Amino acid sequence: MQAPSRKPDLSPSKPLGLLRLGLALLTLGAIAWQLRIGLTLGMDPVNFFSYFTNLSNLLAASVLLVLALDELLNGGRLATRPGWQGLRARSIANMLVVGLVFAVLLRDVDLGALRPWINFVLHTLMPCAMLLDWWLRPPAADHGLAVSARSLGVTLLFPALYLSYVMLRGSATGWYPYPFLRPDQAGGGLAVSAYALGIAVSFVAAHLFLRAVARWRLRGDA
């Protein structure tokens with residue numbers, strides 16, 4: 001006899017709202033702390049905000065902050081809107097790629113003045129926490145995560161714009177945020193293109209993975 005399926009509880013949850021709030025404030029505090037350190041050492045603030053890690057964590061923390069306040073003060077009504085769920089999904093996809101790229105390409109790279117606890121928050125804790133948040137609160141529908149050229153294009157839009165900005169600015173200033181994007185360190189332009197293609201594939205995989213997780217959870221198979 002097959003056991004009855006159990007769907008996730010999507011009713012408003014104060015503990016989840018507080019957890020989201022705490023995580024958002026921790027992440028914003030970590031970024032502010034590292035920015036202060038960088039400015040003290042004479043770092044160009046434009047360079048600081050040219051790291052995909054920092055931009056993605058800022059976006060994810062902002063999304064968490066809004067969702068936390070919505071959960072605590074508004075009964076989670078804003079979170080039901082497709083636009084917000086789509087933005088949330090893209091922010092989580094960004095964080096999954098941040099964690100993956102760090103683990104594969106940057107774990108043994110000298111991180112300079114980056115504090116270990118901040119490194120842990122930005123590269124490990126946030127990717128895992130955002131995925132857990134998606135597991136606990138899957139969207140009620142695809143919300144932009146359909147398998148289509150348009151949907152995948154939206155997921156790839158931000159990283160594509162980021163890559164274009166980094167390469168154009170790098171060619172003008174000689175500064176690149178990551179060694180695998182710097183032609184003279186990566187092994188030439190073709191090597192940079194190969195890295196970029198591999199990362200693009202990671203975004204597509206993250207898109208499909210989040211869609212599969214949401215559908216699995218809503219079917220009650222967990």
# chains A, B, ... in the order shown; residues from 1 in each chain; ligands from 1
>>> closest_atom_pairs(of="range 118-149 of chain A", to="range 48-53 of chain A", cutoff="12 Å", atoms="only C-alpha atoms", output="tab-separated table")
residue	atom	partner	partner_atom	distance
A:Ile118	CA	A:Thr53	CA	11.4
A:Asn119	CA	A:Thr53	CA	9.9
A:Phe120	CA	A:Thr53	CA	11.8
A:Val121	CA	A:Thr53	CA	10.8
A:Leu122	CA	A:Thr53	CA	7.1
A:His123	CA	A:Thr53	CA	7.5
A:Thr124	CA	A:Thr53	CA	11.1
A:Met126	CA	A:Thr53	CA	10.5
A:Pro127	CA	A:Thr53	CA	10.6
>>> closest_residue(among="A:Ala93, A:Val204, A:Ala68, A:Leu78", to="Ala149 in chain A", atoms="only C-alpha atoms")
A:Val204
>>> residues_around(residues="Val192 in chain A", least_positions_apart="6", cutoff="7 Å", atoms="only C-alpha atoms", output="PyMOL selection string")
chain A and resi 180-181+183+186
>>> closest_residue(among="A:Ala79, A:Leu157, A:Ile37, A:Leu73", to="Lys14 in chain A", atoms="only C-alpha atoms")
A:Leu73
>>> atom_distance(atom1="CA of Asp108 in chain A", atom2="CA of Ala160 in chain A")
25.6 Å
>>> atom_distance(atom1="CA of Leu131 in chain A", atom2="CA of Ile92 in chain A")
6.7 Å
